[in-house]
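Peer 1: Pasting a structure below so you can have a look.
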Amino acid sequence: MTGGSAGPTAAPAANSRLVLNPTSGEADHTERVRRLAAEHGFSVVETERGGHASELAAAAAADGVDILAACGGDGTIHEVIQGLVAANALEDVTLAVIPAGTANIYASGLGIESVDDGFAAARRGATRGLDLGVADGEPFVLSAIAGLPASASTSASDGLKERIGTLAFVIEGVRTARQFDGLEVAVDVVADGEERVWEGEALCLLVGALRGFTGPNEPSNAETGRLEVTVVDRLPPTGAIAEAVERRFFDRETPHATTIEASELEIVSLEDEPVRFSLDGEPREYDRVEIGVRPGELRVCVGEAYASR
């Protein structure tokens with residue numbers, strides 16, 4: 001699908017639907033989103049519980065929906081993609097993202113910063129085929145993170161996020177760092193047909209599909225057919241901060257962080273307990289997990305900033 005419609009009230013497709021999470025973010029977006037959805041030709045269904053967005057997405061695919069909009073945060077998008085994958089509908093349904101969550105990292109990576117941006121991208125109809133990460137069969141669009149960041153992001157309460165937004169993740173990160181002992185893991189990575197193994201104690205494991213962790217402060221382009229994998233060794237907090245500054249601002253390689261673009265990897269816990277992950281912000285635990293990528297399988301409406309890359 002290319003090009004856009006002539007007017008702001010034209011429907012982007014013959015059969016368009018919007019999955020609305022009314023409790024995302026500050027939970028004050030429902031009335032406005034419903035009004036804009038009607039103007040742009042989307043019917044609306046609301047989620048009522050955790051996991052419901054997956055069911056609604058699968059039902060939309062079964063009903064022959066052409067464009068499915070996901071309105072909420074990164075977790076809502078994650079659920080919608082789960083439903084489309086379960087329905088084997090990625091070839092038939094185009095995703096539109098309407099950001100209404102706390103952080104909206106995935107939407108930002110698509111060049112969509114607001115609700116209006118999301119509807120404008122759907123109306124314009126510029127789409128890209130983006131890579132989809134998969135962790136033991138479960139799809140993710142943004143990242144799979146283990147270690148300190150995962151513990152912080154999955155521990156931040158909905159109440160705290162509602163009161164102070166993204167600052168909640170910072171506060172929870174400080175709390176978690178005081179108690180975090182590191183990860184004992186083995187990471188087996190396949191890149192360009194070659195196998196590399198990292199084993200030891202890590203502060204964190206970062207696997208990005210759209211999200212970049214070690215380059216400039218913006219999400220990476222998810223059209224490479226590869227995942228960005230970064231392993232940060234366990235080291236004293238002051239050393240970790242110094243190395244982060246060096247990598248981010250001076251573009252220097254540092255001895256305690258290993259980054260590689262991989263087509264697949266396996267992560268194994270070397271302890272008597274599973275590794276705690278954040279999969280697009282959703283908590284998961286694995287004793288052993290295989291992570292791969294499905295190149296270009298997700299067709300998404302992108303914002304002008306992304307489309308011009």
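Chain identifiers are assigned as A, B, and so on, following the order in which chains appear in the structure tokens; residues are numbered from 1 within each chain, and ligands are numbered from 1 in order of appearance.
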With only C-alpha atoms as the counted atoms, please give the residues lying no more than 12 Å from Glu48 in chain A, apart from itself and same-chain residues fewer than 4 positions off, as a list of chain:residue names.
Peer 2: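 Near Glu48 in chain A, the qualifying residues are A:Val19, A:Leu20, A:Asn21, A:Pro22, A:Thr23, A:Ser24, A:His52, A:Ala53, A:Ser54, A:Glu55, A:Leu56, A:Thr76.
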Peer 1: Write the residues you've just listed into a file as an mmCIF file, in the first residue's frame, and include N, CA and C atoms for each of them.
Peer 2:
```
data_model
loop_
_atom_site.group_PDB
_atom_site.id
_atom_site.type_symbol
_atom_site.label_atom_id
_atom_site.label_comp_id
_atom_site.auth_asym_id
_atom_site.auth_seq_id
_atom_site.Cartn_x
_atom_site.Cartn_y
_atom_site.Cartn_z
ATOM 1 N N VAL A 19 -7.781 -1.005 18.023
ATOM 2 C CA VAL A 19 -7.802 -1.637 19.345
ATOM 3 C C VAL A 19 -7.360 -0.588 20.352
ATOM 4 N N LEU A 20 -8.245 -0.197 21.243
ATOM 5 C CA LEU A 20 -8.016 0.893 22.176
ATOM 6 C C LEU A 20 -7.835 0.364 23.592
ATOM 7 N N ASN A 21 -6.683 0.677 24.189
ATOM 8 C CA ASN A 21 -6.457 0.371 25.606
ATOM 9 C C ASN A 21 -6.795 1.629 26.396
ATOM 10 N N PRO A 22 -7.930 1.654 27.085
ATOM 11 C CA PRO A 22 -8.368 2.881 27.763
ATOM 12 C C PRO A 22 -7.574 3.210 29.017
ATOM 13 N N THR A 23 -6.767 2.270 29.519
ATOM 14 C CA THR A 23 -6.034 2.502 30.761
ATOM 15 C C THR A 23 -4.557 2.810 30.537
ATOM 16 N N SER A 24 -4.109 2.897 29.292
ATOM 17 C CA SER A 24 -2.707 3.202 29.017
ATOM 18 C C SER A 24 -2.360 4.619 29.446
ATOM 19 N N HIS A 52 -6.157 -9.072 26.413
ATOM 20 C CA HIS A 52 -7.350 -8.944 25.578
ATOM 21 C C HIS A 52 -7.016 -8.378 24.201
ATOM 22 N N ALA A 53 -5.980 -7.522 24.123
ATOM 23 C CA ALA A 53 -5.615 -6.936 22.828
ATOM 24 C C ALA A 53 -5.210 -8.016 21.827
ATOM 25 N N SER A 54 -4.589 -9.092 22.297
ATOM 26 C CA SER A 54 -4.225 -10.198 21.403
ATOM 27 C C SER A 54 -5.462 -10.852 20.821
ATOM 28 N N GLU A 55 -6.472 -11.065 21.662
ATOM 29 C CA GLU A 55 -7.709 -11.674 21.197
ATOM 30 C C GLU A 55 -8.420 -10.770 20.189
ATOM 31 N N LEU A 56 -8.430 -9.474 20.468
ATOM 32 C CA LEU A 56 -9.098 -8.531 19.568
ATOM 33 C C LEU A 56 -8.371 -8.435 18.235
ATOM 34 N N THR A 76 0.692 -2.721 24.768
ATOM 35 C CA THR A 76 -0.489 -2.927 23.931
ATOM 36 C C THR A 76 -0.085 -3.354 22.530
#
```
Peer 1: Could you pull the residues within 9 Å of Ala103 in chain A, counting only C-alpha atoms, minus those fewer than 2 positions along the same chain, as a PyMOL selection string?
Peer 2: chain A and resi 25+73-74+99-101+105-106+108+165-166
Peer 1: List as a list in words the protein and nucleic acid residues near Val190 in chain A, meaning an atom at most 8 Å away when only C-alpha atoms are counted, but skip any in the same chain fewer than 4 places from it.
Peer 2: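 Listed by chain and then number, they are Glu194, Glu195, Arg196, Ala262, Ser263, Glu264 and Leu265 of chain A.
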Peer 1: I need the chosen residues saved as a PDB file, in the first residue's frame, with N, CA, C and O atoms.
Peer 2:
```pdb
ATOM      1  N   GLU A 194      28.905 -17.173  11.540  1.00  0.00           N
ATOM      2  CA  GLU A 194      29.907 -17.572  12.520  1.00  0.00           C
ATOM      3  C   GLU A 194      29.311 -17.550  13.922  1.00  0.00           C
ATOM      4  O   GLU A 194      28.468 -16.725  14.241  1.00  0.00           O
ATOM      5  N   GLU A 195      29.786 -18.477  14.772  1.00  0.00           N
ATOM      6  CA  GLU A 195      29.276 -18.606  16.128  1.00  0.00           C
ATOM      7  C   GLU A 195      30.253 -18.002  17.120  1.00  0.00           C
ATOM      8  O   GLU A 195      31.462 -18.214  17.041  1.00  0.00           O
ATOM      9  N   ARG A 196      29.705 -17.209  18.047  1.00  0.00           N
ATOM     10  CA  ARG A 196      30.513 -16.629  19.113  1.00  0.00           C
ATOM     11  C   ARG A 196      29.840 -16.935  20.442  1.00  0.00           C
ATOM     12  O   ARG A 196      28.606 -16.893  20.549  1.00  0.00           O
ATOM     13  N   ALA A 262      23.378  -9.816  15.215  1.00  0.00           N
ATOM     14  CA  ALA A 262      23.230 -11.267  15.120  1.00  0.00           C
ATOM     15  C   ALA A 262      21.922 -11.649  14.450  1.00  0.00           C
ATOM     16  O   ALA A 262      20.915 -10.934  14.552  1.00  0.00           O
ATOM     17  N   SER A 263      21.931 -12.783  13.784  1.00  0.00           N
ATOM     18  CA  SER A 263      20.709 -13.318  13.198  1.00  0.00           C
ATOM     19  C   SER A 263      19.972 -14.225  14.182  1.00  0.00           C
ATOM     20  O   SER A 263      18.754 -14.395  14.081  1.00  0.00           O
ATOM     21  N   GLU A 264      20.703 -14.790  15.121  1.00  0.00           N
ATOM     22  CA  GLU A 264      20.073 -15.632  16.143  1.00  0.00           C
ATOM     23  C   GLU A 264      21.008 -15.764  17.337  1.00  0.00           C
ATOM     24  O   GLU A 264      22.227 -15.589  17.218  1.00  0.00           O
ATOM     25  N   LEU A 265      20.443 -16.061  18.489  1.00  0.00           N
ATOM     26  CA  LEU A 265      21.253 -16.281  19.685  1.00  0.00           C
ATOM     27  C   LEU A 265      20.485 -17.142  20.671  1.00  0.00           C
ATOM     28  O   LEU A 265      19.259 -17.271  20.596  1.00  0.00           O
TER      29      LEU A 265
END
```
Peer 1: Find the spatial neighbours of Arg294 in chain A, counting only C-alpha atoms, within a cut-off of 12 Å - ignore same-chain residues fewer than 3 positions away - and output them as a PDB file with all heavy atoms, in the first residue's frame.
Peer 2:
```
ATOM      1  N   VAL A  85       0.270 -12.577  14.865  1.00  0.00           N
ATOM      2  CA  VAL A  85       1.140 -13.724  14.591  1.00  0.00           C
ATOM      3  C   VAL A  85       0.389 -15.027  14.832  1.00  0.00           C
ATOM      4  O   VAL A  85       0.482 -15.970  14.030  1.00  0.00           O
ATOM      5  CB  VAL A  85       2.410 -13.648  15.452  1.00  0.00           C
ATOM      6  CG1 VAL A  85       3.201 -14.957  15.371  1.00  0.00           C
ATOM      7  CG2 VAL A  85       3.290 -12.487  15.013  1.00  0.00           C
ATOM      8  N   LEU A  90       0.145 -11.619   9.351  1.00  0.00           N
ATOM      9  CA  LEU A  90       1.072 -10.517   9.093  1.00  0.00           C
ATOM     10  C   LEU A  90       1.087 -10.102   7.631  1.00  0.00           C
ATOM     11  O   LEU A  90       1.346  -8.936   7.309  1.00  0.00           O
ATOM     12  CB  LEU A  90       2.483 -10.886   9.545  1.00  0.00           C
ATOM     13  CG  LEU A  90       2.701 -11.034  11.057  1.00  0.00           C
ATOM     14  CD1 LEU A  90       4.162 -11.326  11.344  1.00  0.00           C
ATOM     15  CD2 LEU A  90       2.248  -9.790  11.799  1.00  0.00           C
ATOM     16  N   GLY A 129       8.252  -2.606   5.597  1.00  0.00           N
ATOM     17  CA  GLY A 129       8.299  -3.962   6.127  1.00  0.00           C
ATOM     18  C   GLY A 129       9.413  -4.053   7.149  1.00  0.00           C
ATOM     19  O   GLY A 129      10.596  -4.029   6.794  1.00  0.00           O
ATOM     20  N   LEU A 130       9.056  -4.126   8.427  1.00  0.00           N
ATOM     21  CA  LEU A 130      10.041  -4.099   9.508  1.00  0.00           C
ATOM     22  C   LEU A 130      10.293  -5.491  10.065  1.00  0.00           C
ATOM     23  O   LEU A 130       9.437  -6.382  10.013  1.00  0.00           O
ATOM     24  CB  LEU A 130       9.575  -3.171  10.632  1.00  0.00           C
ATOM     25  CG  LEU A 130       9.281  -1.721  10.250  1.00  0.00           C
ATOM     26  CD1 LEU A 130       9.025  -0.891  11.489  1.00  0.00           C
ATOM     27  CD2 LEU A 130      10.413  -1.123   9.427  1.00  0.00           C
ATOM     28  N   ASP A 131      11.496  -5.658  10.621  1.00  0.00           N
ATOM     29  CA  ASP A 131      11.884  -6.930  11.213  1.00  0.00           C
ATOM     30  C   ASP A 131      11.092  -7.190  12.496  1.00  0.00           C
ATOM     31  O   ASP A 131      10.721  -6.259  13.218  1.00  0.00           O
ATOM     32  CB  ASP A 131      13.379  -6.939  11.553  1.00  0.00           C
ATOM     33  CG  ASP A 131      14.254  -6.725  10.332  1.00  0.00           C
ATOM     34  OD1 ASP A 131      13.768  -6.972   9.212  1.00  0.00           O
ATOM     35  OD2 ASP A 131      15.412  -6.307  10.498  1.00  0.00           O
ATOM     36  N   LEU A 132      10.889  -8.465  12.771  1.00  0.00           N
ATOM     37  CA  LEU A 132      10.177  -8.885  13.970  1.00  0.00           C
ATOM     38  C   LEU A 132      11.063  -9.838  14.747  1.00  0.00           C
ATOM     39  O   LEU A 132      11.519 -10.854  14.218  1.00  0.00           O
ATOM     40  CB  LEU A 132       8.870  -9.578  13.572  1.00  0.00           C
ATOM     41  CG  LEU A 132       7.897  -9.946  14.691  1.00  0.00           C
ATOM     42  CD1 LEU A 132       7.349  -8.684  15.348  1.00  0.00           C
ATOM     43  CD2 LEU A 132       6.755 -10.786  14.138  1.00  0.00           C
ATOM     44  N   GLY A 133      11.342  -9.496  16.002  1.00  0.00           N
ATOM     45  CA  GLY A 133      12.097 -10.406  16.855  1.00  0.00           C
ATOM     46  C   GLY A 133      11.195 -11.505  17.386  1.00  0.00           C
ATOM     47  O   GLY A 133       9.968 -11.340  17.487  1.00  0.00           O
ATOM     48  N   VAL A 134      11.794 -12.646  17.724  1.00  0.00           N
ATOM     49  CA  VAL A 134      11.037 -13.777  18.268  1.00  0.00           C
ATOM     50  C   VAL A 134      11.844 -14.419  19.392  1.00  0.00           C
ATOM     51  O   VAL A 134      13.014 -14.767  19.203  1.00  0.00           O
ATOM     52  CB  VAL A 134      10.740 -14.837  17.186  1.00  0.00           C
ATOM     53  CG1 VAL A 134       9.905 -15.961  17.777  1.00  0.00           C
ATOM     54  CG2 VAL A 134      10.019 -14.225  16.003  1.00  0.00           C
ATOM     55  N   ALA A 135      11.236 -14.552  20.551  1.00  0.00           N
ATOM     56  CA  ALA A 135      11.870 -15.195  21.702  1.00  0.00           C
ATOM     57  C   ALA A 135      11.074 -16.436  22.069  1.00  0.00           C
ATOM     58  O   ALA A 135       9.942 -16.326  22.568  1.00  0.00           O
ATOM     59  CB  ALA A 135      11.945 -14.240  22.891  1.00  0.00           C
ATOM     60  N   GLY A 137       9.413 -18.316  20.222  1.00  0.00           N
ATOM     61  CA  GLY A 137       8.144 -18.297  19.516  1.00  0.00           C
ATOM     62  C   GLY A 137       7.288 -17.075  19.769  1.00  0.00           C
ATOM     63  O   GLY A 137       6.335 -16.828  19.030  1.00  0.00           O
ATOM     64  N   GLU A 138       7.611 -16.298  20.808  1.00  0.00           N
ATOM     65  CA  GLU A 138       6.819 -15.102  21.115  1.00  0.00           C
ATOM     66  C   GLU A 138       7.414 -13.894  20.397  1.00  0.00           C
ATOM     67  O   GLU A 138       8.592 -13.586  20.566  1.00  0.00           O
ATOM     68  CB  GLU A 138       6.772 -14.838  22.615  1.00  0.00           C
ATOM     69  CG  GLU A 138       5.935 -13.616  22.972  1.00  0.00           C
ATOM     70  CD  GLU A 138       5.816 -13.389  24.469  1.00  0.00           C
ATOM     71  OE1 GLU A 138       6.310 -14.225  25.246  1.00  0.00           O
ATOM     72  OE2 GLU A 138       5.220 -12.364  24.863  1.00  0.00           O
ATOM     73  N   PRO A 139       6.615 -13.175  19.609  1.00  0.00           N
ATOM     74  CA  PRO A 139       7.163 -12.044  18.859  1.00  0.00           C
ATOM     75  C   PRO A 139       7.418 -10.839  19.756  1.00  0.00           C
ATOM     76  O   PRO A 139       6.744 -10.632  20.767  1.00  0.00           O
ATOM     77  CB  PRO A 139       6.057 -11.738  17.848  1.00  0.00           C
ATOM     78  CG  PRO A 139       4.805 -12.180  18.533  1.00  0.00           C
ATOM     79  CD  PRO A 139       5.181 -13.389  19.343  1.00  0.00           C
ATOM     80  N   PHE A 140       8.414 -10.033  19.371  1.00  0.00           N
ATOM     81  CA  PHE A 140       8.611  -8.732  19.998  1.00  0.00           C
ATOM     82  C   PHE A 140       9.052  -7.746  18.928  1.00  0.00           C
ATOM     83  O   PHE A 140       9.759  -8.097  17.994  1.00  0.00           O
ATOM     84  CB  PHE A 140       9.611  -8.793  21.160  1.00  0.00           C
ATOM     85  CG  PHE A 140      11.021  -9.169  20.789  1.00  0.00           C
ATOM     86  CD1 PHE A 140      11.976  -8.206  20.494  1.00  0.00           C
ATOM     87  CD2 PHE A 140      11.408 -10.513  20.759  1.00  0.00           C
ATOM     88  CE1 PHE A 140      13.278  -8.560  20.170  1.00  0.00           C
ATOM     89  CE2 PHE A 140      12.711 -10.866  20.436  1.00  0.00           C
ATOM     90  CZ  PHE A 140      13.653  -9.892  20.142  1.00  0.00           C
ATOM     91  N   VAL A 141       8.613  -6.508  19.070  1.00  0.00           N
ATOM     92  CA  VAL A 141       8.889  -5.501  18.045  1.00  0.00           C
ATOM     93  C   VAL A 141      10.012  -4.557  18.437  1.00  0.00           C
ATOM     94  O   VAL A 141      10.613  -3.908  17.588  1.00  0.00           O
ATOM     95  CB  VAL A 141       7.631  -4.665  17.738  1.00  0.00           C
ATOM     96  CG1 VAL A 141       6.551  -5.537  17.121  1.00  0.00           C
ATOM     97  CG2 VAL A 141       7.115  -3.955  18.985  1.00  0.00           C
ATOM     98  N   ALA A 209      15.425  -5.042  18.395  1.00  0.00           N
ATOM     99  CA  ALA A 209      14.897  -5.225  17.039  1.00  0.00           C
ATOM    100  C   ALA A 209      14.787  -3.850  16.389  1.00  0.00           C
ATOM    101  O   ALA A 209      15.475  -3.536  15.434  1.00  0.00           O
ATOM    102  CB  ALA A 209      13.548  -5.922  17.081  1.00  0.00           C
ATOM    103  N   ALA A 222      14.951  -0.952  11.766  1.00  0.00           N
ATOM    104  CA  ALA A 222      14.603  -2.372  11.877  1.00  0.00           C
ATOM    105  C   ALA A 222      14.394  -2.998  10.507  1.00  0.00           C
ATOM    106  O   ALA A 222      13.416  -3.697  10.275  1.00  0.00           O
ATOM    107  CB  ALA A 222      13.354  -2.535  12.733  1.00  0.00           C
ATOM    108  N   GLU A 223      15.318  -2.771   9.589  1.00  0.00           N
ATOM    109  CA  GLU A 223      15.206  -3.340   8.253  1.00  0.00           C
ATOM    110  C   GLU A 223      16.517  -3.986   7.828  1.00  0.00           C
ATOM    111  O   GLU A 223      16.816  -4.080   6.643  1.00  0.00           O
ATOM    112  CB  GLU A 223      14.794  -2.248   7.258  1.00  0.00           C
ATOM    113  CG  GLU A 223      13.443  -1.642   7.568  1.00  0.00           C
ATOM    114  CD  GLU A 223      13.067  -0.513   6.618  1.00  0.00           C
ATOM    115  OE1 GLU A 223      13.007  -0.763   5.403  1.00  0.00           O
ATOM    116  OE2 GLU A 223      12.841   0.609   7.094  1.00  0.00           O
ATOM    117  N   THR A 224      17.277  -4.471   8.793  1.00  0.00           N
ATOM    118  CA  THR A 224      18.580  -5.078   8.490  1.00  0.00           C
ATOM    119  C   THR A 224      18.528  -6.595   8.481  1.00  0.00           C
ATOM    120  O   THR A 224      19.459  -7.243   8.022  1.00  0.00           O
ATOM    121  CB  THR A 224      19.631  -4.643   9.524  1.00  0.00           C
ATOM    122  OG1 THR A 224      19.249  -5.157  10.817  1.00  0.00           O
ATOM    123  CG2 THR A 224      19.734  -3.123   9.604  1.00  0.00           C
ATOM    124  N   GLY A 225      17.450  -7.186   9.020  1.00  0.00           N
ATOM    125  CA  GLY A 225      17.384  -8.633   9.151  1.00  0.00           C
ATOM    126  C   GLY A 225      18.265  -9.156  10.268  1.00  0.00           C
ATOM    127  O   GLY A 225      18.503 -10.357  10.359  1.00  0.00           O
ATOM    128  N   ARG A 226      18.704  -8.249  11.159  1.00  0.00           N
ATOM    129  CA  ARG A 226      19.577  -8.651  12.269  1.00  0.00           C
ATOM    130  C   ARG A 226      19.135  -7.966  13.555  1.00  0.00           C
ATOM    131  O   ARG A 226      18.470  -6.927  13.525  1.00  0.00           O
ATOM    132  CB  ARG A 226      21.036  -8.294  11.964  1.00  0.00           C
ATOM    133  CG  ARG A 226      21.611  -9.039  10.770  1.00  0.00           C
ATOM    134  CD  ARG A 226      23.085  -8.714  10.562  1.00  0.00           C
ATOM    135  NE  ARG A 226      23.303  -7.309  10.255  1.00  0.00           N
ATOM    136  CZ  ARG A 226      23.217  -6.785   9.036  1.00  0.00           C
ATOM    137  NH1 ARG A 226      22.877  -7.547   8.009  1.00  0.00           N
ATOM    138  NH2 ARG A 226      23.448  -5.496   8.825  1.00  0.00           N
ATOM    139  N   LEU A 227      19.534  -8.546  14.666  1.00  0.00           N
ATOM    140  CA  LEU A 227      19.283  -7.988  15.985  1.00  0.00           C
ATOM    141  C   LEU A 227      20.567  -7.353  16.498  1.00  0.00           C
ATOM    142  O   LEU A 227      21.660  -7.855  16.261  1.00  0.00           O
ATOM    143  CB  LEU A 227      18.840  -9.086  16.961  1.00  0.00           C
ATOM    144  CG  LEU A 227      17.583  -9.866  16.592  1.00  0.00           C
ATOM    145  CD1 LEU A 227      17.487 -11.126  17.440  1.00  0.00           C
ATOM    146  CD2 LEU A 227      16.335  -9.002  16.779  1.00  0.00           C
ATOM    147  N   SER A 263      21.931 -12.783  13.784  1.00  0.00           N
ATOM    148  CA  SER A 263      20.709 -13.318  13.198  1.00  0.00           C
ATOM    149  C   SER A 263      19.972 -14.225  14.182  1.00  0.00           C
ATOM    150  O   SER A 263      18.754 -14.395  14.081  1.00  0.00           O
ATOM    151  CB  SER A 263      21.040 -14.101  11.920  1.00  0.00           C
ATOM    152  OG  SER A 263      21.996 -15.120  12.196  1.00  0.00           O
ATOM    153  N   GLU A 264      20.703 -14.790  15.121  1.00  0.00           N
ATOM    154  CA  GLU A 264      20.073 -15.632  16.143  1.00  0.00           C
ATOM    155  C   GLU A 264      21.008 -15.764  17.337  1.00  0.00           C
ATOM    156  O   GLU A 264      22.227 -15.589  17.218  1.00  0.00           O
ATOM    157  CB  GLU A 264      19.735 -17.014  15.588  1.00  0.00           C
ATOM    158  CG  GLU A 264      20.927 -17.787  15.050  1.00  0.00           C
ATOM    159  CD  GLU A 264      20.537 -19.096  14.416  1.00  0.00           C
ATOM    160  OE1 GLU A 264      20.316 -20.062  15.171  1.00  0.00           O
ATOM    161  OE2 GLU A 264      20.452 -19.148  13.176  1.00  0.00           O
ATOM    162  N   ILE A 291      16.473 -16.741  20.639  1.00  0.00           N
ATOM    163  CA  ILE A 291      15.966 -15.487  20.105  1.00  0.00           C
ATOM    164  C   ILE A 291      16.418 -15.355  18.655  1.00  0.00           C
ATOM    165  O   ILE A 291      17.598 -15.548  18.340  1.00  0.00           O
ATOM    166  CB  ILE A 291      16.466 -14.283  20.927  1.00  0.00           C
ATOM    167  CG1 ILE A 291      16.021 -14.418  22.385  1.00  0.00           C
ATOM    168  CG2 ILE A 291      15.953 -12.976  20.335  1.00  0.00           C
ATOM    169  CD1 ILE A 291      16.504 -13.300  23.292  1.00  0.00           C
ATOM    170  N   GLU A 297       8.845  -8.855   8.138  1.00  0.00           N
ATOM    171  CA  GLU A 297       7.527  -9.505   8.133  1.00  0.00           C
ATOM    172  C   GLU A 297       6.403  -8.625   8.665  1.00  0.00           C
ATOM    173  O   GLU A 297       5.231  -8.947   8.477  1.00  0.00           O
ATOM    174  CB  GLU A 297       7.581 -10.809   8.939  1.00  0.00           C
ATOM    175  CG  GLU A 297       8.345 -11.907   8.236  1.00  0.00           C
ATOM    176  CD  GLU A 297       7.932 -13.285   8.719  1.00  0.00           C
ATOM    177  OE1 GLU A 297       6.981 -13.379   9.523  1.00  0.00           O
ATOM    178  OE2 GLU A 297       8.563 -14.271   8.291  1.00  0.00           O
ATOM    179  N   LEU A 298       6.741  -7.518   9.316  1.00  0.00           N
ATOM    180  CA  LEU A 298       5.710  -6.676   9.917  1.00  0.00           C
ATOM    181  C   LEU A 298       5.518  -5.419   9.072  1.00  0.00           C
ATOM    182  O   LEU A 298       6.423  -4.599   8.952  1.00  0.00           O
ATOM    183  CB  LEU A 298       6.114  -6.295  11.345  1.00  0.00           C
ATOM    184  CG  LEU A 298       5.121  -5.449  12.131  1.00  0.00           C
ATOM    185  CD1 LEU A 298       3.802  -6.200  12.309  1.00  0.00           C
ATOM    186  CD2 LEU A 298       5.702  -5.075  13.489  1.00  0.00           C
TER     187      LEU A 298
END
```
Peer 1: Between CA of Ile98 in chain A and CA of Ala121 in chain A, what is the distance, to one decimal in Å?
Peer 2: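 Here the two named atoms are 9.3 Å from each other.
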Peer 1: Do a neighbour search on Ala62 in chain A at 10 Å with only C-alpha atoms, toss out local chain neighbours closer than 3 positions, and write the hits as a PyMOL selection string.
Peer 2: chain A and resi 56-59+65+84+87-89
Peer 1: Keeping only N, CA and C atoms, take the residues you just selected and write them out as a tab-separated table (two decimals), in the first residue's frame.
Peer 2:
```
chain	number	residue	atom	x	y	z
A	56	LEU	N	-8.43	-9.47	20.47
A	56	LEU	CA	-9.10	-8.53	19.57
A	56	LEU	C	-8.37	-8.44	18.24
A	57	ALA	N	-7.04	-8.53	18.26
A	57	ALA	CA	-6.26	-8.49	17.01
A	57	ALA	C	-6.53	-9.73	16.17
A	58	ALA	N	-6.58	-10.89	16.80
A	58	ALA	CA	-6.86	-12.13	16.07
A	58	ALA	C	-8.27	-12.08	15.48
A	59	ALA	N	-9.22	-11.53	16.23
A	59	ALA	CA	-10.59	-11.41	15.72
A	59	ALA	C	-10.65	-10.45	14.54
A	65	VAL	N	-9.92	-7.44	8.41
A	65	VAL	CA	-9.48	-6.06	8.58
A	65	VAL	C	-8.20	-5.81	7.78
A	84	LEU	N	-1.82	-11.04	15.91
A	84	LEU	CA	-1.67	-11.16	14.46
A	84	LEU	C	-0.79	-12.34	14.09
A	87	ALA	N	-2.69	-15.53	14.50
A	87	ALA	CA	-3.67	-15.70	13.43
A	87	ALA	C	-3.01	-15.86	12.06
A	88	ASN	N	-1.68	-15.85	12.04
A	88	ASN	CA	-0.92	-15.96	10.78
A	88	ASN	C	-1.38	-14.89	9.79
A	89	ALA	N	-1.49	-13.65	10.28
A	89	ALA	CA	-2.11	-12.59	9.49
A	89	ALA	C	-1.15	-11.45	9.14
```
Peer 1: Per DSSP on the backbone, what are the alpha helix (DSSP H) residues of range 5-112 of chain A, as a ChimeraX atom specification?
Peer 2: /A:30-39,52-62,74-86,105-109
Peer 1: Which residue out of A:Ala27, A:Leu142, A:Leu95, A:Ile81 has the minimum interatomic distance to Phe213 in chain A when only C-alpha atoms are used?
Peer 2: A:Leu142
Peer 1: Can you measure CA of Glu273 in chain A to CA of Ala257 in chain A for me? One decimal in Å is fine.
Peer 2: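 For CA of Glu273 in chain A relative to CA of Ala257 in chain A, the distance reads 24.1 Å.
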Peer 1: From the list A:Thr30, A:Tyr286, A:Val197, A:Ala69, which residue is nearest Ala120 in chain A when using only C-alpha atoms?
Peer 2: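 Nearest to Ala120 in chain A: A:Ala69.
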Peer 1: One decimal, in Å: what's the spacing between CA of Thr259 in chain A and CA of Glu228 in chain A?
Peer 2: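 Separation of CA of Thr259 in chain A and CA of Glu228 in chain A: 7.1 Å.
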Peer 1: Out of A:Val293, A:Val275, A:Leu183, A:Leu210, which residue has the shortest atom-to-atom distance to Asp233 in chain A when counting only C-alpha atoms?
Peer 2: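 Using only C-alpha atoms, the shortest distance to Asp233 in chain A belongs to A:Leu183.
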Peer 1: Can you pull out the residues contacting Ile67 in chain A? Cut-off 6 Å, using only C-alpha atoms, and skip same-chain residues under 5 positions away; I want them as number ranges by chain.
Peer 2: A: 16, 93-95
Peer 1: Would you export the selected residues with C-alpha atoms as a compact mmCIF listing (two decimals), in the first residue's frame, please?
Peer 2:
```txt
# COMPACT_ATOMS: atom_id res chain seq x y z
CA SER A 16 -10.08 -0.43 9.34
CA VAL A 93 -2.91 -6.78 7.96
CA THR A 94 -1.06 -3.44 8.13
CA LEU A 95 -0.33 -2.10 11.62
```
Peer 1: Pick out the closest residue to Thr102 in chain A from this set: A:Asp28, A:Gly64, A:Ala86, A:Gly212. Count only C-alpha atoms.
Peer 2: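 Ranking A:Asp28, A:Gly64, A:Ala86, A:Gly212 by distance to Thr102 in chain A, first place goes to A:Asp28.
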Peer 1: Please provide as a PyMOL selection string all residues within 12 Å of Arg288 in chain A, with the sequence filter that same-chain residues fewer than 6 positions apart are discarded (counting only C-alpha atoms).
Peer 2: chain A and resi 135-136+185-188+265-277
